[in-house]
Amino acid sequence: MADASRTVAGPRGPRPRPTLSRRNIFLYGTLIVLALYYLVPLYVMVVTSLKGMPEVRVGNIFSPPMKITFEPWVRAWATACTGLDCDGLSRGFWNSVRITVPSVFLSIAIASVNGYALANWRFRGANVFFTILIVGAFIPYQVMIYPIVIVLREIGLYGRLSGLVIVHTIFGMPILTLLFRNYFASIPEELFKAGRVDGAGFWGIYFKIMMPMSLPIFVVAMIIQITGIWNDFLFGVIYTTPDSYPMTVQLNNIVNATQGVKEYNVNMAATILTGLVPLVVYFASGKLFVRGIAAGAVKG
Amino acid sequence: MGSVSRVGSLIPFLPRARAEKTARRAAERARVRDAARREGSPSISVRDLSLSFGSTPVLEHLDLDIQDGEFLVLLGPSGCGKSTLLNCVAGLLDVSDGQIFINGWNVTWEEPKDRHIGMVFQSYALYPQMSVRRNLSFGLRSARVPRAEIAKRIARTAEILQIEPLLDRKPSQLSGGQRQRVAIGRALVRDVDVFLFDEPLSNLDAKLRSELRVEIKRLHQKLGNTMVYVTHDQIEAMTLADRIAVMKGGVIQQLDAPQDIYSRPANRFVAGFIGSPAMNFIPGALEPGPPPVFRAGGVSVPLDRYTFDERGAVAGPCLLGVRPEHVTLGAAGPGRAFSHEVEIEIVEPMGADTLVWTRLGELNFAFLVDSESRLKVGERAAIGFDPGRASLFDEATGDRL
């Protein structure tokens, strides 16, 4: 201190700021309110799902369970009734898996190649094609629902999972293509040129040069697609039959059942179960996603 | 022949048909190339090449012959079309009109990989996820070269470029100079006929640039391949080239040996572009004489030692170009046809020499003196130059007289 005062007179270091400044109160206040806004409903759901029906009927939704029971979860998964079937959400879960997995892979596979072709191989009519695709992203779904029903019926896929997979793949196309095109366009063009001089063709450059450099964008696309397709209700209810309803549709049928007592605890458990997959995807790939972005940011 | 190749292209998925077709083409190609070499015909031949981006013409009716084993530098300011021309030769851009031959083979519509070229880019363009070894072998693996042969060629290349210790590193672990070495190696390892360099040293700092410049020159002397090198750096162009093509606006302004470009620039643009500090231009008029004299303001320069082109000295407005390094101090004498007294305005010491600014008539005029000379601002000095080393340009067309 004595040394420092010789060179620079007066106080030093960052300007002290009171902990309870107006700025801090406002900032943390907003954050806490927003956090509560999202966390309270989740708390109510978890708490209710762990209560037995007698306790639910007491009606105090914020109080923690007096006796924790996992029975509602088991019922939601295995025995809750939708109409005549009483096998819970399990069937819907597997239907959703069988819809989501191929849809995600198919849509990303096609869209990444689309984006690559649009970004790097300026073929004749590329701009027209791209414009059509982007315009497609702005057409409301409702307009296309009935035409698609007819198309699926004509090709014999109506009511089948494969039909729904095709629908999801097509509807993911505009946004994913745009995503991939922009990413590939940001990769230095000289890399692509070097690949061509080195004798790699369309697929060689795609698989050996572009794809290994693009992990982050593939993860982003997977997050978008998995959550989007898993959470989809509209297409699921329209293009499938009760046998192959995805989890979201089944959840709706359980929750909105009009017969008997409303089993709020089972409904809560079923809702959390349905939302679990996107949650897990966010948590698991979120980390990978950040790591991927960071790895991509290092100049190669 | 035609029907055979058509059948081959109908069933391209049959590996044998494909391999046979490739082998046939390679043999035919080798025959054409050897014939072209024997006849001494150019290694690269660009005929009437035009290219436009949309409605903007970039290259117009360009002709260029590059001899076998020649080091040709395409030099020009940015936007002059030099990189575009190189990309056309590489096959990375589709031409609008015209033809390109490499070793007598018409490659105008061939893929880059079929042109027997290697290319080095400004940004190195190394594949970031591959090790140096895999970067080098990528082209060979694409061409399905046997593994033993790949290993042999990598070893040879690594030895030539002294990158053996780097083979297992990733490009991100290399310095700029090392990366560019690997990029050169990627072209070298493929045993190509022609090397194309697209401003390969522009991303490096000055010291590394001069080191790698020497190395590229050494490589050329050792390999004797045809090399085409694009740059906007005149020092690189002068030091490396057998011949320089100075380009502007998609047109080759002058194609000559470096020394000829320097001492006998074909037009005003080339004269001003080559040389640093830049040439002085004095507008005036030519009196055909004999002896011919250049007059500007109160200055008259006798031109009896100047070599005019075949048109000879014609009266009219023109520009006299004098390089700062050709100006000397001192009065006129028997060996010095011209001298003039000037007042010194600015002195810029540059280490090896000193740049002195003065006025000749109404115009700024710069000249170089030895750094030992102690000229002062405001001092008067007699300067002169050898008119035989000056350049005269038509004022209207800018062409050399």
# chains A, B, ... in the order shown; residues from 1 in each chain; ligands from 1
$ select_by_dssp --residues "segment 132-254 of chain A" --states "helix (DSSP H, G or I)" --output "MDAnalysis selection string"
chainID A and resid 132:138 141:154 161:186 189:197 202:213 215:231 234:239 242:244 247:254
$ write_last_selection --atoms "C-alpha atoms" --output "mmCIF file, in the first residue's frame"
data_model
loop_
_atom_site.group_PDB
_atom_site.id
_atom_site.type_symbol
_atom_site.label_atom_id
_atom_site.label_comp_id
_atom_site.auth_asym_id
_atom_site.auth_seq_id
_atom_site.Cartn_x
_atom_site.Cartn_y
_atom_site.Cartn_z
ATOM 1 C CA ILE A 132 -39.242 -22.296 -51.872
ATOM 2 C CA LEU A 133 -37.966 -24.138 -48.834
ATOM 3 C CA ILE A 134 -37.905 -20.991 -46.707
ATOM 4 C CA VAL A 135 -41.364 -19.953 -47.830
ATOM 5 C CA GLY A 136 -42.447 -23.431 -46.799
ATOM 6 C CA ALA A 137 -41.397 -22.647 -43.252
ATOM 7 C CA PHE A 138 -43.916 -19.815 -43.070
ATOM 8 C CA TYR A 141 -49.497 -26.215 -40.525
ATOM 9 C CA GLN A 142 -53.280 -26.102 -40.498
ATOM 10 C CA VAL A 143 -53.328 -25.342 -44.219
ATOM 11 C CA MET A 144 -51.479 -28.541 -44.988
ATOM 12 C CA ILE A 145 -53.137 -30.990 -42.635
ATOM 13 C CA TYR A 146 -55.927 -32.171 -44.875
ATOM 14 C CA PRO A 147 -53.898 -32.366 -48.112
ATOM 15 C CA ILE A 148 -51.384 -34.489 -46.265
ATOM 16 C CA VAL A 149 -54.152 -36.774 -45.030
ATOM 17 C CA ILE A 150 -55.147 -37.335 -48.648
ATOM 18 C CA VAL A 151 -51.556 -37.877 -49.804
ATOM 19 C CA LEU A 152 -50.893 -40.380 -47.020
ATOM 20 C CA ARG A 153 -54.140 -42.195 -47.785
ATOM 21 C CA GLU A 154 -53.253 -42.414 -51.466
ATOM 22 C CA LEU A 161 -46.061 -44.779 -37.897
ATOM 23 C CA SER A 162 -44.054 -44.608 -41.123
ATOM 24 C CA GLY A 163 -46.512 -42.047 -42.445
ATOM 25 C CA LEU A 164 -46.015 -39.897 -39.377
ATOM 26 C CA VAL A 165 -42.239 -40.267 -39.684
ATOM 27 C CA ILE A 166 -42.446 -38.921 -43.237
ATOM 28 C CA VAL A 167 -44.591 -35.999 -42.104
ATOM 29 C CA HIS A 168 -42.165 -35.089 -39.339
ATOM 30 C CA THR A 169 -39.220 -35.394 -41.703
ATOM 31 C CA ILE A 170 -40.818 -33.062 -44.216
ATOM 32 C CA PHE A 171 -41.895 -30.492 -41.667
ATOM 33 C CA GLY A 172 -38.439 -30.394 -40.126
ATOM 34 C CA MET A 173 -36.864 -29.748 -43.504
ATOM 35 C CA PRO A 174 -37.057 -25.933 -43.901
ATOM 36 C CA ILE A 175 -35.630 -24.962 -40.529
ATOM 37 C CA LEU A 176 -33.012 -27.734 -40.495
ATOM 38 C CA THR A 177 -31.875 -27.022 -44.035
ATOM 39 C CA LEU A 178 -31.509 -23.360 -43.193
ATOM 40 C CA LEU A 179 -29.570 -24.291 -40.071
ATOM 41 C CA PHE A 180 -27.169 -26.580 -41.916
ATOM 42 C CA ARG A 181 -26.801 -24.300 -44.907
ATOM 43 C CA ASN A 182 -25.775 -21.392 -42.730
ATOM 44 C CA TYR A 183 -23.364 -23.530 -40.773
ATOM 45 C CA PHE A 184 -21.717 -25.044 -43.835
ATOM 46 C CA ALA A 185 -21.560 -21.614 -45.460
ATOM 47 C CA SER A 186 -19.512 -20.452 -42.476
ATOM 48 C CA GLU A 189 -14.704 -22.224 -48.822
ATOM 49 C CA GLU A 190 -11.043 -23.011 -49.402
ATOM 50 C CA LEU A 191 -11.455 -26.177 -47.365
ATOM 51 C CA PHE A 192 -14.087 -27.323 -49.775
ATOM 52 C CA LYS A 193 -11.910 -26.343 -52.729
ATOM 53 C CA ALA A 194 -8.963 -28.220 -51.249
ATOM 54 C CA GLY A 195 -11.159 -31.295 -50.983
ATOM 55 C CA ARG A 196 -12.121 -31.038 -54.619
ATOM 56 C CA VAL A 197 -8.518 -30.636 -55.742
ATOM 57 C CA PHE A 202 -19.766 -34.727 -53.421
ATOM 58 C CA TRP A 203 -20.085 -37.470 -50.814
ATOM 59 C CA GLY A 204 -16.402 -37.702 -50.029
ATOM 60 C CA ILE A 205 -16.263 -34.027 -49.074
ATOM 61 C CA TYR A 206 -19.500 -34.329 -47.127
ATOM 62 C CA PHE A 207 -18.572 -37.361 -45.067
ATOM 63 C CA LYS A 208 -14.834 -36.870 -44.671
ATOM 64 C CA ILE A 209 -14.441 -33.110 -44.447
ATOM 65 C CA MET A 210 -17.705 -31.351 -43.669
ATOM 66 C CA MET A 211 -19.393 -33.772 -41.294
ATOM 67 C CA PRO A 212 -16.495 -34.292 -38.883
ATOM 68 C CA MET A 213 -16.217 -30.513 -38.559
ATOM 69 C CA LEU A 215 -20.596 -31.916 -34.590
ATOM 70 C CA PRO A 216 -22.031 -28.822 -32.848
ATOM 71 C CA ILE A 217 -24.621 -28.173 -35.503
ATOM 72 C CA PHE A 218 -25.637 -31.833 -35.586
ATOM 73 C CA VAL A 219 -26.202 -31.706 -31.840
ATOM 74 C CA VAL A 220 -28.237 -28.521 -32.186
ATOM 75 C CA ALA A 221 -30.332 -30.125 -34.904
ATOM 76 C CA MET A 222 -30.856 -33.213 -32.761
ATOM 77 C CA ILE A 223 -32.048 -31.159 -29.817
ATOM 78 C CA ILE A 224 -34.461 -29.220 -31.987
ATOM 79 C CA GLN A 225 -35.816 -32.346 -33.619
ATOM 80 C CA ILE A 226 -36.046 -34.639 -30.593
ATOM 81 C CA THR A 227 -37.876 -32.100 -28.473
ATOM 82 C CA GLY A 228 -40.049 -30.922 -31.336
ATOM 83 C CA ILE A 229 -41.107 -34.373 -32.460
ATOM 84 C CA TRP A 230 -41.475 -35.810 -28.981
ATOM 85 C CA ASN A 231 -43.665 -32.911 -27.905
ATOM 86 C CA LEU A 234 -51.198 -32.286 -33.556
ATOM 87 C CA PHE A 235 -49.629 -34.574 -36.170
ATOM 88 C CA GLY A 236 -49.633 -37.464 -33.741
ATOM 89 C CA VAL A 237 -53.343 -37.274 -33.150
ATOM 90 C CA ILE A 238 -54.203 -36.705 -36.809
ATOM 91 C CA TYR A 239 -51.984 -39.122 -38.686
ATOM 92 C CA PRO A 242 -55.281 -45.176 -31.313
ATOM 93 C CA ASP A 243 -52.980 -48.209 -31.493
ATOM 94 C CA SER A 244 -50.019 -46.102 -32.435
ATOM 95 C CA MET A 247 -47.085 -40.493 -25.719
ATOM 96 C CA THR A 248 -48.390 -36.913 -25.857
ATOM 97 C CA VAL A 249 -51.727 -38.006 -27.291
ATOM 98 C CA GLN A 250 -52.054 -40.760 -24.719
ATOM 99 C CA LEU A 251 -51.212 -38.346 -21.966
ATOM 100 C CA ASN A 252 -54.017 -36.103 -23.145
ATOM 101 C CA ASN A 253 -56.384 -39.053 -23.179
ATOM 102 C CA ILE A 254 -55.451 -40.035 -19.636
#
$ interface_residues --of "chain B" --to "chain A" --cutoff "7 Å" --atoms "only C-alpha atoms" --output "list of chain:residue names"
B:Leu92, B:Pro112, B:Lys113, B:Gly118, B:Met119, B:Phe121, B:Ala125, B:Leu126, B:Tyr127, B:Pro128, B:Gln129, B:Phe138, B:Gly139, B:Ser142, B:Ala143, B:Pro171, B:Ser172
$ atom_distance --atom1 "atom CA of Gly59 of chain A" --atom2 "atom CA of Cys86 of chain A"
27.1 Å
$ closest_residue --among "A:Val44, A:Val128, A:Leu273, A:Ala76" --to "Ser63 of chain A" --atoms "only C-alpha atoms"
A:Val44
$ residues_around --residues "Asp353 of chain B" --least-positions-apart "5" --cutoff "6 Å" --atoms "only C-alpha atoms" --output "list in words"
Val369, Asp370 and Ser371 of chain B
$ write_last_selection --atoms "C-alpha atoms" --output "PDB file, in the first residue's frame"
ATOM      1  CA  VAL B 369      19.765   8.585 -51.998  1.00  0.00           C
ATOM      2  CA  ASP B 370      22.203   6.626 -49.942  1.00  0.00           C
ATOM      3  CA  SER B 371      21.400   6.823 -46.246  1.00  0.00           C
TER       4      SER B 371
END
$ residues_around --residues "segment 102-109 of chain B" --least-positions-apart "2" --cutoff "12 Å" --atoms "only C-alpha atoms" --output "PyMOL selection string"
chain B and resi 25-26+28-50+64-69+87-100+111-117+192-195+225-226
